>>> print(open('input28.txt').read())   # compact mmCIF, C-alpha atoms and all ligand atoms
# COMPACT_ATOMS: atom_id res chain seq x y z
CA MET A 1 -16.72 6.31 -25.36
CA THR A 2 -15.57 7.96 -22.12
CA SER A 3 -19.03 7.69 -20.58
CA ILE A 4 -19.33 3.97 -21.44
CA LEU A 5 -15.92 3.30 -19.92
CA ASN A 6 -16.78 5.42 -16.89
CA SER A 7 -20.04 3.50 -16.31
CA ALA A 8 -18.21 0.17 -16.69
CA HIS A 9 -15.44 1.31 -14.32
CA SER A 10 -17.98 2.55 -11.79
CA GLY A 11 -20.21 -0.57 -11.88
CA LEU A 12 -17.31 -3.05 -11.90
CA ARG A 13 -16.18 -1.78 -8.49
CA TRP A 14 -18.97 -3.91 -6.95
CA LEU A 15 -17.74 -7.09 -8.65
CA VAL A 16 -14.19 -6.32 -7.49
CA LEU A 17 -15.39 -5.82 -3.91
CA LEU A 18 -17.66 -8.89 -4.02
CA PHE A 19 -15.07 -11.33 -5.37
CA LEU A 20 -12.28 -10.03 -3.13
CA LEU A 21 -14.59 -10.43 -0.15
CA ILE A 22 -15.62 -13.97 -1.19
CA SER A 23 -11.94 -14.85 -1.76
CA ILE A 24 -11.01 -13.60 1.71
CA VAL A 25 -13.83 -15.62 3.33
CA PHE A 26 -12.81 -18.74 1.33
CA ALA A 27 -9.13 -18.26 2.29
CA PHE A 28 -10.08 -17.83 5.95
CA LEU A 29 -12.29 -20.95 5.98
CA ASN A 30 -9.54 -23.04 4.34
CA LEU A 31 -6.62 -21.61 6.29
CA LYS A 32 -5.49 -25.00 7.62
CA LYS A 33 -5.60 -26.79 4.26
CA THR A 34 -2.29 -27.31 2.46
CA LYS A 35 -3.78 -27.37 -1.03
CA LEU A 36 -5.78 -24.90 -3.13
CA GLU A 37 -8.85 -26.69 -4.46
CA LYS A 38 -10.92 -25.81 -7.52
CA PRO A 39 -13.70 -23.64 -5.95
CA GLN A 40 -11.21 -21.51 -4.00
CA LYS A 41 -8.83 -21.25 -6.94
CA LEU A 42 -11.72 -20.06 -9.11
CA MET A 43 -12.78 -17.33 -6.65
CA TYR A 44 -9.19 -16.13 -6.23
CA LEU A 45 -8.90 -16.00 -10.02
CA PHE A 46 -12.17 -14.02 -10.42
CA GLY A 47 -10.93 -11.51 -7.82
CA LEU A 48 -7.71 -11.14 -9.83
CA ILE A 49 -9.46 -10.85 -13.20
CA PHE A 50 -11.90 -8.12 -12.08
CA THR A 51 -9.16 -6.03 -10.45
CA HIS A 52 -7.04 -6.32 -13.61
CA THR A 53 -10.02 -5.32 -15.75
CA GLN A 54 -10.41 -2.21 -13.57
CA LEU A 55 -6.72 -1.46 -14.06
CA LEU A 56 -7.08 -1.59 -17.86
CA ILE A 57 -10.21 0.59 -17.96
CA GLY A 58 -8.69 2.94 -15.35
CA LEU A 59 -5.55 3.39 -17.45
CA VAL A 60 -7.61 4.39 -20.50
CA LEU A 61 -9.77 6.74 -18.39
CA TYR A 62 -6.63 8.32 -16.99
CA PHE A 63 -5.89 9.73 -20.45
CA LEU A 64 -9.50 10.54 -21.40
CA SER A 65 -11.09 11.81 -18.20
CA ALA A 66 -11.76 15.51 -17.69
CA LYS A 67 -11.16 14.91 -13.97
CA VAL A 68 -7.46 14.22 -14.55
CA VAL A 69 -5.84 17.60 -14.98
CA PHE A 70 -2.25 18.66 -14.60
CA ASN A 71 -1.61 22.30 -13.83
CA GLU A 72 -0.22 24.35 -10.95
CA GLU A 73 -3.41 23.71 -8.93
CA THR A 74 -3.45 19.90 -9.28
CA MET A 75 -1.93 19.28 -5.85
CA SER A 76 -3.83 21.99 -3.97
CA ASN A 77 -7.25 20.91 -5.29
CA ALA A 78 -8.63 17.83 -3.45
CA SER A 79 -10.50 16.47 -6.48
CA SER A 80 -7.75 16.81 -9.09
CA ARG A 81 -5.11 15.53 -6.64
CA PHE A 82 -7.29 12.51 -5.97
CA TYR A 83 -7.90 11.57 -9.62
CA ALA A 84 -4.40 12.46 -10.86
CA MET A 85 -2.43 10.86 -7.99
CA GLU A 86 -4.16 9.26 -5.00
CA HIS A 87 -6.73 7.07 -6.79
CA PRO A 88 -4.42 5.56 -9.45
CA LEU A 89 -1.49 5.12 -7.05
CA GLY A 90 -3.58 3.52 -4.27
CA MET A 91 -5.26 1.19 -6.77
CA LEU A 92 -2.00 0.30 -8.47
CA ILE A 93 -0.40 -0.75 -5.16
CA ALA A 94 -3.53 -2.74 -4.26
CA ILE A 95 -3.55 -4.53 -7.64
CA ILE A 96 0.17 -5.38 -7.37
CA LEU A 97 -0.45 -6.86 -3.89
CA ILE A 98 -3.43 -8.90 -5.11
CA THR A 99 -1.42 -10.19 -8.09
CA MET A 100 1.45 -11.17 -5.76
CA GLY A 101 -1.02 -12.86 -3.39
CA TYR A 102 -2.52 -14.88 -6.22
CA SER A 103 0.76 -16.05 -7.74
CA LYS A 104 2.58 -16.70 -4.44
CA GLY A 105 -0.51 -18.39 -2.98
CA LYS A 106 -0.80 -20.66 -6.01
CA LYS A 107 2.90 -21.47 -6.07
CA ASN A 108 3.06 -22.31 -2.33
CA GLN A 109 -0.50 -23.72 -2.20
CA SER A 110 -1.07 -21.32 0.70
CA HIS A 111 -4.49 -19.88 1.60
CA LYS A 112 -2.79 -17.74 4.24
CA THR A 113 -0.77 -15.90 1.59
CA VAL A 114 -3.94 -15.19 -0.41
CA LEU A 115 -5.74 -14.05 2.75
CA VAL A 116 -3.04 -11.57 3.81
CA PHE A 117 -2.39 -10.05 0.35
CA TYR A 118 -6.07 -9.88 -0.70
CA LEU A 119 -7.09 -8.35 2.65
CA ILE A 120 -4.49 -5.56 2.45
CA GLY A 121 -5.45 -5.04 -1.22
CA LEU A 122 -9.16 -4.83 -0.38
CA ILE A 123 -8.58 -2.28 2.41
CA LEU A 124 -6.49 -0.13 0.04
CA ILE A 125 -9.17 -0.36 -2.67
CA ILE A 126 -11.97 0.64 -0.26
CA ALA A 127 -9.86 3.59 0.91
CA SER A 128 -9.10 4.68 -2.70
CA ILE A 129 -12.65 4.57 -4.13
CA PRO A 130 -14.31 7.96 -4.73
CA TRP A 131 -17.42 7.17 -2.66
CA PRO A 132 -20.42 9.53 -3.06
CA PHE A 133 -20.05 10.64 0.58
CA ARG A 134 -16.56 12.01 -0.16
CA THR A 135 -18.13 15.29 -1.22
CA ALA A 136 -14.79 17.08 -1.75
CA LEU A 137 -14.26 14.84 -4.83
CA GLY A 138 -17.31 16.20 -6.69
CA VAL A 139 -20.41 14.32 -7.81
CA VAL A 140 -19.92 10.53 -7.96
CA ASP A 141 -22.61 7.82 -8.11
CA TRP A 142 -23.00 4.52 -6.26
CA PHE A 143 -23.07 2.59 -9.56
C1 LIG B 201 -9.69 -1.95 -8.37
C2 LIG B 201 -9.36 -0.84 -8.96
C3 LIG B 201 -10.25 0.35 -9.17
C4 LIG B 201 -11.51 0.62 -8.71
C5 LIG B 201 -12.40 -0.25 -7.83
C6 LIG B 201 -11.87 1.93 -9.22
C7 LIG B 201 -13.08 2.57 -8.97
C8 LIG B 201 -13.44 3.81 -9.48
C9 LIG B 201 -14.70 4.46 -9.25
C10 LIG B 201 -15.86 3.88 -8.42
C11 LIG B 201 -14.69 5.64 -9.93
C12 LIG B 201 -15.83 6.69 -9.98
C13 LIG B 201 -16.63 6.50 -11.25
C14 LIG B 201 -17.78 7.49 -11.31
O1 LIG B 201 -17.53 8.66 -11.64
O2 LIG B 201 -18.92 7.09 -11.04
C15 LIG B 201 -13.40 5.76 -10.57
C16 LIG B 201 -13.02 6.80 -11.36
C17 LIG B 201 -11.82 6.89 -12.01
N1 LIG B 201 -10.80 5.95 -11.99
FE1 LIG B 201 -10.79 4.20 -10.97
N2 LIG B 201 -10.83 2.42 -9.97
C18 LIG B 201 -9.82 1.50 -9.96
C19 LIG B 201 -8.58 1.60 -10.57
C20 LIG B 201 -8.17 2.67 -11.31
C21 LIG B 201 -6.85 2.82 -11.88
C22 LIG B 201 -5.71 1.80 -11.71
C23 LIG B 201 -6.85 4.02 -12.56
C24 LIG B 201 -5.78 4.69 -13.36
C25 LIG B 201 -4.63 4.20 -13.68
C26 LIG B 201 -8.16 4.62 -12.41
C27 LIG B 201 -8.55 5.82 -12.97
C28 LIG B 201 -9.76 6.43 -12.75
C29 LIG B 201 -10.13 7.72 -13.31
C30 LIG B 201 -9.28 8.60 -14.23
C31 LIG B 201 -11.43 8.00 -12.85
C32 LIG B 201 -12.28 9.26 -13.18
C33 LIG B 201 -13.16 8.97 -14.38
C34 LIG B 201 -14.13 10.12 -14.65
O3 LIG B 201 -15.12 10.24 -13.91
O4 LIG B 201 -13.89 10.88 -15.59
N3 LIG B 201 -8.93 3.77 -11.65
N4 LIG B 201 -12.65 4.62 -10.28
>>> encode(input="input28.txt", output="structure tokens", more="lines below")
Ligand code: HEM
Amino acid sequence: MTSILNSAHSGLRWLVLLFLLISIVFAFLNLKKTKLEKPQKLMYLFGLIFTHTQLLIGLVLYFLSAKVVFNEETMSNASSRFYAMEHPLGMLIAIILITMGYSKGKKNQSHKTVLVFYLIGLILIIASIPWPFRTALGVVDWF
């Protein structure tokens, strides 16, 4: 169960990154328009859905993962601090921003709102992913 969820959580990162990136490009190209049309709305929605799916899987993993440990060394160990605090917190803030960007952007029909909120969210997500080159976090794969 944990390993299936972990593989899904790991692989889904690419869909999150892809759809956030497409959304940002779409928002940028339509910056001057005063209406959200169907293709853009759909991409913004996919970006939102994939980040929310990650949130759900991440929440379950938080309680099942052996990497999330709470003891007196949690804060002094780079890996356990990352999985117990930095990763969930960074991702949570990013997902809140993306959700705000989607709903405010839709309400005001503003591509600029989507662009700003999704861009900040994407930067936070990239910074909070345990990339394989972050060797202090232990062994992590690209997929
Ligand atoms: C867009 C949001 C997120 C992305 C892109 C993301 C991405 C990732 C990636 C790439 C890994 C490494 C998987 C591997 O070992 O190969 C990971 C691990 C993990 N994530 Fe997330 N994550 C997100 C949100 C969250 C949230 C919100 C939580 C918790 C509330 C969370 C909890 C965890 C935990 C506990 C692990 C360690 C799982 C393990 O290896 O045992 N994630 N995440």
>>> atom_distance(input="input28.txt", atom1="CA of Ile49 (chain A)", atom2="CA of Phe133 (chain A)")
27.6 Å
>>> closest_residue(input="input28.txt", among="A:Ser23, A:Gln40, A:Ser65, A:Ser3", to="ligand LIG 201 (chain B)", atoms="only C-alpha atoms and all ligand atoms")
A:Ser65
>>> closest_residue(input="input28.txt", among="A:Leu15, A:Leu5, A:Leu97, A:Leu137", to="Leu64 (chain A)", atoms="only C-alpha atoms")
A:Leu5
>>> axis_aligned_box(input="input28.txt", around="ligand LIG 201 (chain B)", padding_each_side="3 Å", output="AutoDock Vina command-line options")
--center_x -11.8 --center_y 4.5 --center_z -11.7 --size_x 20.3 --size_y 18.8 --size_z 13.8
>>> residues_near_ligand(input="input28.txt", ligand="ligand LIG 201 (chain B)", cutoff="6 Å", atoms="all atoms listed in the file", output="ChimeraX atom specification")
/A:6,9-10,13,51,54-55,58-59,61-62,65-68,83,88,91-92,125,129-130,140-141
>>> closest_residue(input="input28.txt", among="A:Ile57, A:Val139, A:Val69, A:Leu45", to="Gly11 (chain A)", atoms="only C-alpha atoms")
A:Ile57
>>> closest_residue(input="input28.txt", among="A:Ile98, A:Ala84, A:Leu56, A:Ala78", to="Ile120 (chain A)", atoms="only C-alpha atoms")
A:Ile98
>>> atom_distance(input="input28.txt", atom1="CA of Gly47 (chain A)", atom2="CA of Phe19 (chain A)")
4.8 Å
>>> atom_distance(input="input28.txt", atom1="CA of Leu124 (chain A)", atom2="CA of Tyr44 (chain A)")
17.4 Å
>>> closest_residue(input="input28.txt", among="A:Thr99, A:Gln109, A:Thr135, A:Ser128", to="Lys35 (chain A)", atoms="only C-alpha atoms")
A:Gln109
>>> residues_around(input="input28.txt", residues="Met85 (chain A)", least_positions_apart="6", cutoff="10 Å", atoms="all atoms listed in the file", output="PyMOL selection string")
chain A and resi 68+74-75+79
>>> residues_near_point(input="input28.txt", point="(0.8, -21.2, 4.1)", cutoff="9 Å", atoms="only C-alpha atoms", output="PyMOL selection string")
chain A and resi 31-34+105+108-114
>>> residues_around(input="input28.txt", residues="Leu20 (chain A)", least_positions_apart="2", cutoff="7 Å", atoms="only C-alpha atoms", output="PyMOL selection string")
chain A and resi 16-18+22-24+47+118+122
>>> residues_around(input="input28.txt", residues="Ala127 (chain A)", least_positions_apart="4", cutoff="10 Å", atoms="all atoms listed in the file", output="PyMOL selection string")
chain A and resi 86-87+90-91+121-123+131
>>> closest_residue(input="input28.txt", among="A:Phe143, A:Tyr102, A:Phe117, A:Phe70", to="Leu42 (chain A)", atoms="all atoms listed in the file")
A:Tyr102
